[in-house]
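K.L.:
Just one file: my_file-v5.txt, with compact mmCIF, C-alpha atoms.
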```txt
# COMPACT_ATOMS: atom_id res chain seq x y z
CA MET A 923 0.00 0.00 0.00
CA ALA A 924 1.43 3.39 -1.05
CA ALA A 925 1.70 6.16 1.56
CA THR A 926 -0.54 8.51 -0.38
CA LEU A 927 -3.44 8.36 -2.74
CA ARG A 928 -3.75 10.69 -5.74
CA VAL A 929 -7.35 11.81 -6.01
CA SER A 930 -9.05 13.74 -8.83
CA VAL A 931 -12.20 15.47 -7.61
CA TRP A 932 -14.80 17.21 -9.77
CA ARG A 933 -15.08 20.92 -9.00
CA GLY A 934 -17.77 23.22 -10.35
CA ALA A 935 -21.25 22.46 -11.68
CA ALA A 936 -22.11 21.11 -15.16
CA ALA A 937 -19.09 23.05 -16.39
CA GLY A 938 -16.03 22.46 -14.28
CA ARG A 939 -12.81 20.48 -14.07
CA PHE A 940 -11.08 17.83 -12.01
CA GLN A 941 -8.78 19.05 -9.22
CA GLU A 942 -5.93 16.91 -7.95
CA PHE A 943 -5.33 16.17 -4.27
CA GLU A 944 -2.93 13.97 -2.32
CA VAL A 945 -4.52 12.10 0.56
CA PRO A 946 -2.73 9.92 3.17
CA ARG A 947 -3.53 6.24 2.72
CA ARG A 948 -5.00 4.48 5.77
CA GLU A 949 -6.17 1.00 6.72
CA SER A 950 -9.87 0.31 6.04
CA GLN A 951 -10.19 3.74 4.44
CA THR A 952 -13.45 4.41 2.62
CA VAL A 953 -13.97 6.73 -0.34
CA LEU A 954 -16.09 8.93 1.94
CA ASP A 955 -13.12 9.12 4.36
CA VAL A 956 -11.02 10.39 1.43
CA VAL A 957 -13.54 13.06 0.46
CA THR A 958 -13.93 14.13 4.11
CA HIS A 959 -10.14 14.39 4.48
CA ILE A 960 -9.98 16.65 1.41
CA GLN A 961 -12.78 18.87 2.72
CA ARG A 962 -11.32 19.14 6.23
CA GLU A 963 -7.60 19.23 5.49
CA CYS A 964 -7.09 20.43 1.90
CA ASP A 965 -9.96 22.60 0.68
CA ALA A 966 -12.86 23.54 2.96
CA SER A 967 -14.89 24.81 0.00
CA LEU A 968 -15.44 21.29 -1.37
CA ALA A 969 -19.18 20.51 -1.44
CA TYR A 970 -20.35 16.93 -0.87
CA ARG A 971 -23.22 15.22 0.88
CA TYR A 972 -23.37 12.51 3.52
CA ALA A 973 -25.23 11.76 6.74
CA CYS A 974 -25.20 8.32 8.40
CA ARG A 975 -21.79 6.95 7.22
CA VAL A 976 -23.09 3.37 7.67
CA GLY A 977 -25.02 2.64 4.47
CA MET A 978 -28.49 3.51 5.68
CA CYS A 979 -29.33 7.00 4.49
CA GLY A 980 -28.38 6.88 0.81
CA SER A 981 -26.96 10.39 0.65
CA CYS A 982 -23.26 9.83 -0.13
CA ALA A 983 -23.42 8.19 -3.57
CA MET A 984 -20.86 9.48 -6.09
CA THR A 985 -19.17 8.32 -9.27
CA VAL A 986 -15.93 6.62 -8.28
CA ASN A 987 -13.53 5.69 -11.07
CA GLY A 988 -16.41 5.87 -13.53
CA ARG A 989 -18.97 3.82 -11.56
CA ALA A 990 -21.72 5.02 -9.26
CA ARG A 991 -21.15 3.75 -5.71
CA TRP A 992 -22.15 4.44 -2.11
CA THR A 993 -18.94 5.98 -0.86
CA CYS A 994 -19.36 5.30 2.88
CA ARG A 995 -19.27 1.54 2.34
CA THR A 996 -16.76 1.49 -0.52
CA HIS A 997 -13.23 0.72 0.61
CA VAL A 998 -10.46 2.49 -1.25
CA SER A 999 -8.57 -0.81 -1.51
CA LYS A 1000 -11.42 -2.24 -3.60
CA VAL A 1001 -11.62 0.57 -6.15
CA ALA A 1002 -8.29 2.45 -6.36
CA GLN A 1003 -6.35 1.79 -9.54
CA ASP A 1004 -2.59 2.44 -9.28
CA ASP A 1005 -3.29 4.38 -6.06
CA ARG A 1006 -5.52 6.78 -7.97
CA LEU A 1007 -9.16 7.69 -7.49
CA GLU A 1008 -11.39 9.83 -9.68
CA ILE A 1009 -14.44 11.10 -7.80
CA ALA A 1010 -17.28 12.83 -9.65
CA PRO A 1011 -20.94 13.60 -8.93
CA LEU A 1012 -23.63 11.08 -9.89
CA ALA A 1013 -24.46 11.00 -13.61
CA ASN A 1014 -27.97 11.64 -14.96
CA LEU A 1015 -28.62 14.31 -12.31
CA PRO A 1016 -27.96 18.06 -12.46
CA VAL A 1017 -24.84 19.05 -10.53
CA ILE A 1018 -25.37 21.78 -7.96
CA ARG A 1019 -21.72 22.09 -7.00
CA ASP A 1020 -18.71 19.78 -6.87
CA LEU A 1021 -19.99 16.35 -5.71
CA VAL A 1022 -23.53 17.46 -4.85
CA THR A 1023 -26.34 16.69 -7.30
CA ASP A 1024 -29.90 17.93 -7.33
CA MET A 1025 -31.92 14.80 -6.46
CA SER A 1026 -35.34 16.45 -6.74
CA ARG A 1027 -36.15 15.02 -10.19
CA PHE A 1028 -35.13 11.58 -8.98
CA PHE A 1029 -37.57 11.74 -6.06
CA ASP A 1030 -40.28 13.50 -8.09
CA LYS A 1031 -40.34 10.40 -10.26
CA TRP A 1032 -41.13 8.26 -7.20
CA ALA A 1033 -44.24 10.40 -6.79
CA GLN A 1034 -45.03 10.19 -10.53
CA ALA A 1035 -44.85 6.39 -10.26
CA LYS A 1036 -47.38 6.63 -7.41
CA GLY A 1037 -44.84 5.45 -4.88
CA GLN A 1038 -47.09 6.39 -1.95
CA PHE A 1039 -48.96 3.64 -0.12
CA GLN A 1040 -52.72 4.02 -0.29
CA GLY A 1041 -54.81 1.80 1.95
CA ALA A 1042 -58.47 1.40 2.79
CA ARG A 1043 -58.26 0.75 6.53
CA SER A 1044 -58.54 3.26 9.29
CA ARG A 1045 -56.93 3.27 12.75
CA ARG A 1046 -60.10 1.64 14.09
CA ASP A 1047 -59.65 -1.45 11.90
CA ASP A 1048 -57.65 -4.48 12.94
CA PHE A 1049 -54.15 -5.04 11.56
CA ALA A 1050 -53.98 -6.50 8.08
CA ARG A 1051 -52.64 -10.02 8.10
CA VAL A 1052 -49.98 -10.67 5.46
CA MET A 1053 -48.48 -14.15 5.43
CA PRO A 1054 -44.65 -13.81 5.49
CA ASP A 1055 -44.27 -16.67 3.01
CA SER A 1056 -46.90 -15.49 0.54
CA PRO A 1057 -45.56 -14.82 -3.02
CA GLN A 1058 -46.51 -11.13 -2.81
CA ARG A 1059 -44.79 -10.62 0.55
CA LEU A 1060 -41.65 -12.40 -0.73
CA ALA A 1061 -41.62 -10.12 -3.79
CA VAL A 1062 -41.88 -7.09 -1.51
CA ASP A 1063 -39.09 -8.40 0.74
CA ALA A 1064 -36.76 -8.70 -2.24
CA ALA A 1065 -37.26 -5.06 -3.23
CA ILE A 1066 -38.11 -3.10 -0.09
CA GLU A 1067 -34.65 -2.27 1.28
CA CYS A 1068 -33.99 0.57 -1.18
CA ILE A 1069 -32.27 3.52 0.53
CA GLY A 1070 -32.86 5.96 -2.35
CA CYS A 1071 -29.16 6.55 -3.02
CA GLY A 1072 -29.63 7.12 -6.77
CA VAL A 1073 -26.86 4.69 -7.83
CA CYS A 1074 -29.27 2.77 -10.08
CA TYR A 1075 -30.68 5.95 -11.62
CA SER A 1076 -27.20 7.27 -12.28
CA SER A 1077 -26.15 3.97 -13.89
CA CYS A 1078 -29.20 3.61 -16.15
CA ASP A 1079 -28.60 4.07 -19.90
CA VAL A 1080 -32.33 4.55 -20.54
CA VAL A 1081 -32.41 7.56 -18.19
CA THR A 1082 -29.49 9.01 -20.16
CA TRP A 1083 -31.35 8.52 -23.45
CA ASN A 1084 -34.78 9.53 -22.18
CA PRO A 1085 -34.64 11.96 -19.24
CA ASP A 1086 -38.39 11.41 -18.68
CA TYR A 1087 -37.88 7.70 -17.96
CA LEU A 1088 -39.03 6.99 -14.41
CA GLY A 1089 -35.91 5.00 -13.65
CA PRO A 1090 -35.16 1.81 -11.69
CA ALA A 1091 -35.70 3.14 -8.16
CA ALA A 1092 -39.16 4.64 -8.76
CA LEU A 1093 -40.28 1.54 -10.66
CA ASN A 1094 -38.87 -0.72 -7.94
CA ARG A 1095 -40.89 1.24 -5.38
CA ALA A 1096 -44.03 0.88 -7.51
CA TRP A 1097 -43.37 -2.88 -7.72
CA THR A 1098 -43.31 -3.20 -3.93
CA LEU A 1099 -46.71 -1.48 -3.77
CA VAL A 1100 -48.18 -3.55 -6.61
CA ASN A 1101 -47.37 -6.55 -4.40
CA ASP A 1102 -48.70 -4.96 -1.21
CA VAL A 1103 -52.02 -6.72 -0.65
CA ARG A 1104 -53.25 -3.83 1.53
CA ASP A 1105 -52.75 -1.21 -1.19
CA THR A 1106 -55.78 0.01 -3.11
CA ALA A 1107 -54.21 2.14 -5.87
CA GLY A 1108 -53.10 -0.75 -8.09
CA ALA A 1109 -54.82 0.21 -11.36
CA ALA A 1110 -53.84 3.88 -11.14
CA ARG A 1111 -50.27 2.89 -10.31
CA LEU A 1112 -50.00 0.53 -13.28
CA ALA A 1113 -51.33 3.31 -15.53
CA ALA A 1114 -48.67 5.64 -14.10
CA VAL A 1115 -45.77 3.26 -14.70
CA ALA A 1116 -46.80 1.82 -18.10
CA GLY A 1117 -46.57 4.98 -20.23
CA ASP A 1118 -43.84 5.59 -22.82
CA ALA A 1119 -41.40 6.69 -20.09
CA GLY A 1120 -42.28 3.80 -17.80
CA CYS A 1121 -41.49 0.12 -17.34
CA HIS A 1122 -41.74 -0.80 -21.04
CA ALA A 1123 -38.83 1.53 -21.85
CA CYS A 1124 -36.43 -0.67 -19.83
CA HIS A 1125 -33.89 -2.45 -22.07
CA THR A 1126 -32.89 -4.96 -19.38
CA HIS A 1127 -29.25 -3.81 -19.45
CA MET A 1128 -29.24 -4.59 -15.71
CA SER A 1129 -26.73 -1.90 -14.74
CA CYS A 1130 -29.10 -1.00 -11.88
CA THR A 1131 -29.06 -4.57 -10.64
CA GLU A 1132 -25.30 -4.90 -10.96
CA ARG A 1133 -24.55 -1.69 -9.10
CA CYS A 1134 -27.28 -1.53 -6.45
CA PRO A 1135 -25.38 -1.43 -3.14
CA LYS A 1136 -28.31 -3.12 -1.39
CA GLN A 1137 -28.30 -6.06 -3.85
CA ILE A 1138 -31.82 -5.26 -5.00
CA THR A 1139 -32.82 -6.39 -8.49
CA PRO A 1140 -34.85 -3.52 -9.98
CA THR A 1141 -34.73 -5.27 -13.36
CA ALA A 1142 -36.83 -8.12 -11.96
CA GLY A 1143 -39.33 -5.67 -10.49
CA ILE A 1144 -39.58 -3.81 -13.80
CA ALA A 1145 -40.16 -7.12 -15.61
CA GLY A 1146 -42.87 -7.83 -13.05
CA LEU A 1147 -44.49 -4.47 -13.78
CA LYS A 1148 -44.43 -5.28 -17.51
CA ARG A 1149 -46.23 -8.55 -16.83
CA ALA A 1150 -48.71 -6.91 -14.47
CA ALA A 1151 -49.44 -4.15 -17.00
CA ALA A 1152 -49.84 -6.70 -19.80
CA ALA A 1153 -52.28 -8.73 -17.70
CA ALA A 1154 -54.24 -5.59 -16.78
CA ALA A 1155 -54.37 -4.46 -20.43
CA TRP A 1156 -55.54 -7.92 -21.45
CA ARG A 1157 -58.36 -7.74 -18.87
CA GLY A 1158 -59.29 -4.23 -20.04
CA GLU A 1159 -58.30 -2.72 -16.68
CA LEU A 1160 -55.57 -0.42 -18.01
CA MET B 715 -49.42 7.51 -26.13
CA ASN B 716 -51.36 6.20 -23.15
CA ALA B 717 -50.38 3.34 -20.89
CA ARG B 718 -52.77 0.86 -22.48
CA SER B 719 -51.46 1.53 -26.00
CA GLU B 720 -47.84 1.33 -24.85
CA THR B 721 -48.56 -1.96 -23.12
CA LEU B 722 -50.31 -3.40 -26.20
CA LEU B 723 -47.35 -2.35 -28.37
CA TRP B 724 -45.02 -4.09 -25.92
CA ILE B 725 -47.14 -7.27 -26.07
CA ALA B 726 -47.21 -7.07 -29.90
CA GLN B 727 -43.44 -6.73 -30.07
CA ARG B 728 -42.80 -9.63 -27.70
CA ALA B 729 -45.33 -11.87 -29.48
CA SER B 730 -43.95 -11.00 -32.93
CA ALA B 731 -40.42 -11.68 -31.63
CA ALA B 732 -41.51 -15.18 -30.62
CA VAL B 733 -42.95 -15.78 -34.10
CA LEU B 734 -39.79 -14.39 -35.71
CA ALA B 735 -37.56 -16.67 -33.64
CA LEU B 736 -39.40 -19.65 -35.14
CA CYS B 737 -39.64 -18.22 -38.66
CA VAL B 738 -35.98 -17.20 -38.91
CA THR B 739 -34.89 -20.63 -37.67
CA VAL B 740 -37.04 -22.45 -40.23
CA HIS B 741 -35.99 -20.00 -42.98
CA LEU B 742 -32.25 -20.41 -42.33
CA ALA B 743 -32.47 -24.17 -41.85
CA THR B 744 -34.35 -24.48 -45.12
CA ILE B 745 -31.74 -22.41 -46.97
CA VAL B 746 -28.88 -24.50 -45.57
CA TYR B 747 -30.71 -27.74 -46.43
CA ALA B 748 -31.90 -26.66 -49.88
CA VAL B 749 -28.64 -25.25 -51.28
CA ARG B 750 -26.38 -28.13 -50.27
CA GLY B 751 -25.95 -29.18 -53.87
CA GLY B 752 -26.35 -25.70 -55.37
CA LEU B 753 -29.69 -24.14 -56.18
CA SER B 754 -30.85 -21.71 -58.86
CA ALA B 755 -33.60 -19.12 -58.66
CA ALA B 756 -35.60 -21.14 -61.13
CA GLU B 757 -35.40 -24.22 -58.90
CA ILE B 758 -36.52 -22.21 -55.89
CA LEU B 759 -39.49 -20.78 -57.74
CA ASN B 760 -40.32 -24.25 -59.02
CA ARG B 761 -40.67 -25.44 -55.42
CA THR B 762 -42.57 -22.43 -54.12
CA HIS B 763 -45.02 -22.00 -57.02
CA GLY B 764 -48.45 -23.14 -55.93
CA ASN B 765 -47.21 -24.31 -52.52
CA TYR B 766 -49.77 -23.11 -49.98
CA GLY B 767 -47.56 -24.20 -47.07
CA TRP B 768 -44.75 -21.81 -48.00
CA LEU B 769 -47.30 -19.13 -48.85
CA ALA B 770 -48.75 -19.34 -45.33
CA PHE B 771 -45.31 -19.54 -43.71
CA TYR B 772 -43.86 -16.49 -45.46
CA ALA B 773 -47.11 -14.51 -45.11
CA LEU B 774 -46.81 -15.06 -41.34
CA PHE B 775 -43.08 -14.18 -41.47
CA VAL B 776 -43.84 -10.88 -43.21
CA ALA B 777 -46.65 -10.09 -40.76
CA ALA B 778 -44.30 -10.61 -37.81
CA VAL B 779 -41.59 -8.42 -39.39
CA SER B 780 -44.16 -5.70 -40.16
CA ILE B 781 -45.23 -5.61 -36.53
CA HIS B 782 -41.83 -6.07 -34.88
CA ALA B 783 -39.54 -3.77 -36.87
CA PRO B 784 -41.58 -0.53 -36.75
CA ILE B 785 -42.17 -0.79 -32.99
CA GLY B 786 -38.46 -1.28 -32.43
CA LEU B 787 -37.53 1.58 -34.76
CA ARG B 788 -40.04 3.80 -32.93
CA THR B 789 -38.12 3.15 -29.70
CA VAL B 790 -34.76 3.74 -31.39
CA ALA B 791 -36.02 7.05 -32.83
CA ALA B 792 -37.41 8.11 -29.47
CA GLU B 793 -34.17 7.36 -27.63
CA THR B 794 -31.55 8.45 -30.15
CA LEU B 795 -33.32 11.35 -31.84
CA GLY B 796 -35.52 12.37 -28.92
CA ARG B 797 -38.59 12.30 -31.19
CA ARG B 798 -41.89 11.30 -29.60
CA GLY B 799 -45.56 11.91 -30.18
CA ALA B 800 -48.20 11.61 -32.89
CA VAL B 801 -45.89 12.20 -35.88
CA LEU B 802 -43.57 9.38 -34.83
CA ASP B 803 -46.55 7.10 -34.15
CA LEU B 804 -47.93 7.85 -37.62
CA LEU B 805 -44.56 7.16 -39.26
CA THR B 806 -44.40 3.87 -37.34
CA LEU B 807 -47.80 2.88 -38.70
CA VAL B 808 -46.87 3.88 -42.27
CA LEU B 809 -43.64 1.86 -42.07
CA GLY B 810 -45.53 -1.17 -40.76
CA VAL B 811 -48.11 -1.02 -43.55
CA ALA B 812 -45.40 -0.46 -46.19
CA LEU B 813 -43.35 -3.43 -44.95
CA ALA B 814 -46.45 -5.63 -44.97
CA LEU B 815 -47.47 -4.61 -48.49
CA TRP B 816 -43.95 -4.98 -49.94
CA GLY B 817 -43.42 -8.28 -48.16
CA TRP B 818 -46.74 -9.85 -49.11
CA ARG B 819 -46.27 -8.70 -52.71
CA ALA B 820 -42.97 -10.61 -52.78
CA VAL B 821 -44.60 -13.64 -51.14
CA LEU B 822 -47.35 -13.66 -53.78
CA ALA B 823 -44.71 -13.34 -56.51
CA VAL B 824 -42.85 -16.48 -55.43
CA PHE B 825 -46.18 -18.30 -54.94
CA GLY B 826 -46.91 -17.58 -58.58
```
For this file, write the structure as structure tokens.
P.N.:
Amino acid sequence: MAATLRVSVWRGAAAGRFQEFEVPRRESQTVLDVVTHIQRECDASLAYRYACRVGMCGSCAMTVNGRARWTCRTHVSKVAQDDRLEIAPLANLPVIRDLVTDMSRFFDKWAQAKGQFQGARSRRDDFARVMPDSPQRLAVDAAIECIGCGVCYSSCDVVTWNPDYLGPAALNRAWTLVNDVRDTAGAARLAAVAGDAGCHACHTHMSCTERCPKQITPTAGIAGLKRAAAAAAWRGEL
Amino acid sequence: MNARSETLLWIAQRASAAVLALCVTVHLATIVYAVRGGLSAAEILNRTHGNYGWLAFYALFVAAVSIHAPIGLRTVAAETLGRRGAVLDLLTLVLGVALALWGWRAVLAVFG
């Protein structure tokens, strides 16, 4: 292990340049540790975003050596090439400054995909009973742990080609609700996700699935939405 | 285009792809089998003239191409040229009809 790491960090907004830094190499050092060192020791004006540092909040995702990653759980030893790192903001999102992107469009699409739960019970009703081993509950389990980091959205070619495309995270959220037996907005949700910027636009490149830090498979959920929409269209419910 | 239409287009493209997988396989296998000893255009036409089996097969092949190709090109145009909307949908329909008419005309010609 070399004593120092040479790090290129994006500075500016959409127009900008990479700035070089030298950062001391440490054991078990994460990419977020590197960015924090630069901000605290080299250049206090560096803008970046993080919160929990333990892979729960989804705020620290960046492009590291060309690939979107959660930086708090990415060890430098796994990604540095020749003791070099290139750190840039997430792709497919507008850059506010340096490593900070504007995530509002990303989360707006969750709302467009009707990512809100809508139930029919009130607080006076008994709890709904959902069998843990039912096919719907298992489908939800496989997709529910999304932390909204934007790695999948940033890695998606279809988002690059069609900025209106809802993207893997919003569609994955819709898939969890399609499988939620308590939810009552199924038909409206399928109509929201089956338009020309919805699930049918997915090319099954599977970059989202390969890069999701939570090992979720949005591609499978999107395929499920395609099947659900096809079945609904066939029944005349779409 | 609304969600129902998009979904029906998706079903049509998947279904036509399944038909094409079969048709292309039969088409290529037939070519490989038929030309083993050399084959002239006249010999081909001699076999296809009046053969209702090949007429039905290639009519189906053309129908599948006419459905599959325009839907795919519509997506390519939307993603690479950023063109969407009624004009693109109309061009897709025109291309599909043109492919069907050209293809079936050729099928009828080899049927005799």
K.L.:
With only C-alpha atoms as the basis for distance, which of A:Pro1090, A:Pro1057, A:Asn1084, A:Gly1117 is at the shortest distance from B:Val790?
P.N.:
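When distances to B:Val790 are compared using only C-alpha atoms, the smallest one comes from A:Asn1084.
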K.L.:
Take atom CA of A:Asp1079 and atom CA of A:Val929 and report the distance between them in Å, one decimal.
P.N.:
26.5 Å
K.L.:
Counting all atoms listed in the file, select every polymer residue within 8 Å of (-23.3, 8.9, -12.2) as defined in the file's coordinates, and provide the selection as a PyMOL selection string.
P.N.:
chain A and resi 984-985+988-990+1010-1015+1073+1075-1077
K.L.:
Using only C-alpha atoms, which residues sit within 10 Å of B:Val733 once same-chain residues fewer than 6 positions away are excluded, as a PyMOL selection string?
P.N.:
chain B and resi 727+774-775+777-779+782
K.L.:
Find the residues of chain A in contact range of chain B, meaning any atom within 7 Å when counting all atoms listed in the file, and list them as a PyMOL selection string.
P.N.:
chain A and resi 1083-1084+1113+1116-1118+1122+1151-1152+1155+1160
K.L.:
Hey, what's within 8 Å of A:Val1001 if we count only C-alpha atoms and toss same-chain stuff fewer than 3 positions away? As a PyMOL selection string, please?
P.N.:
chain A and resi 986-987+996-998+1007
K.L.:
Could you tell me which of B:Ala773, B:Ala748, B:Leu809, B:Leu753 comes closest to B:Leu734 if we count all atoms listed in the file?
P.N.:
B:Ala773
K.L.:
Show me the residues close to (-31.7, -4.2, -4.2) - anything with an atom within 9 Å, counting only C-alpha atoms - and format the list as a PyMOL selection string.
P.N.:
chain A and resi 1064-1068+1094+1130-1131+1134-1140
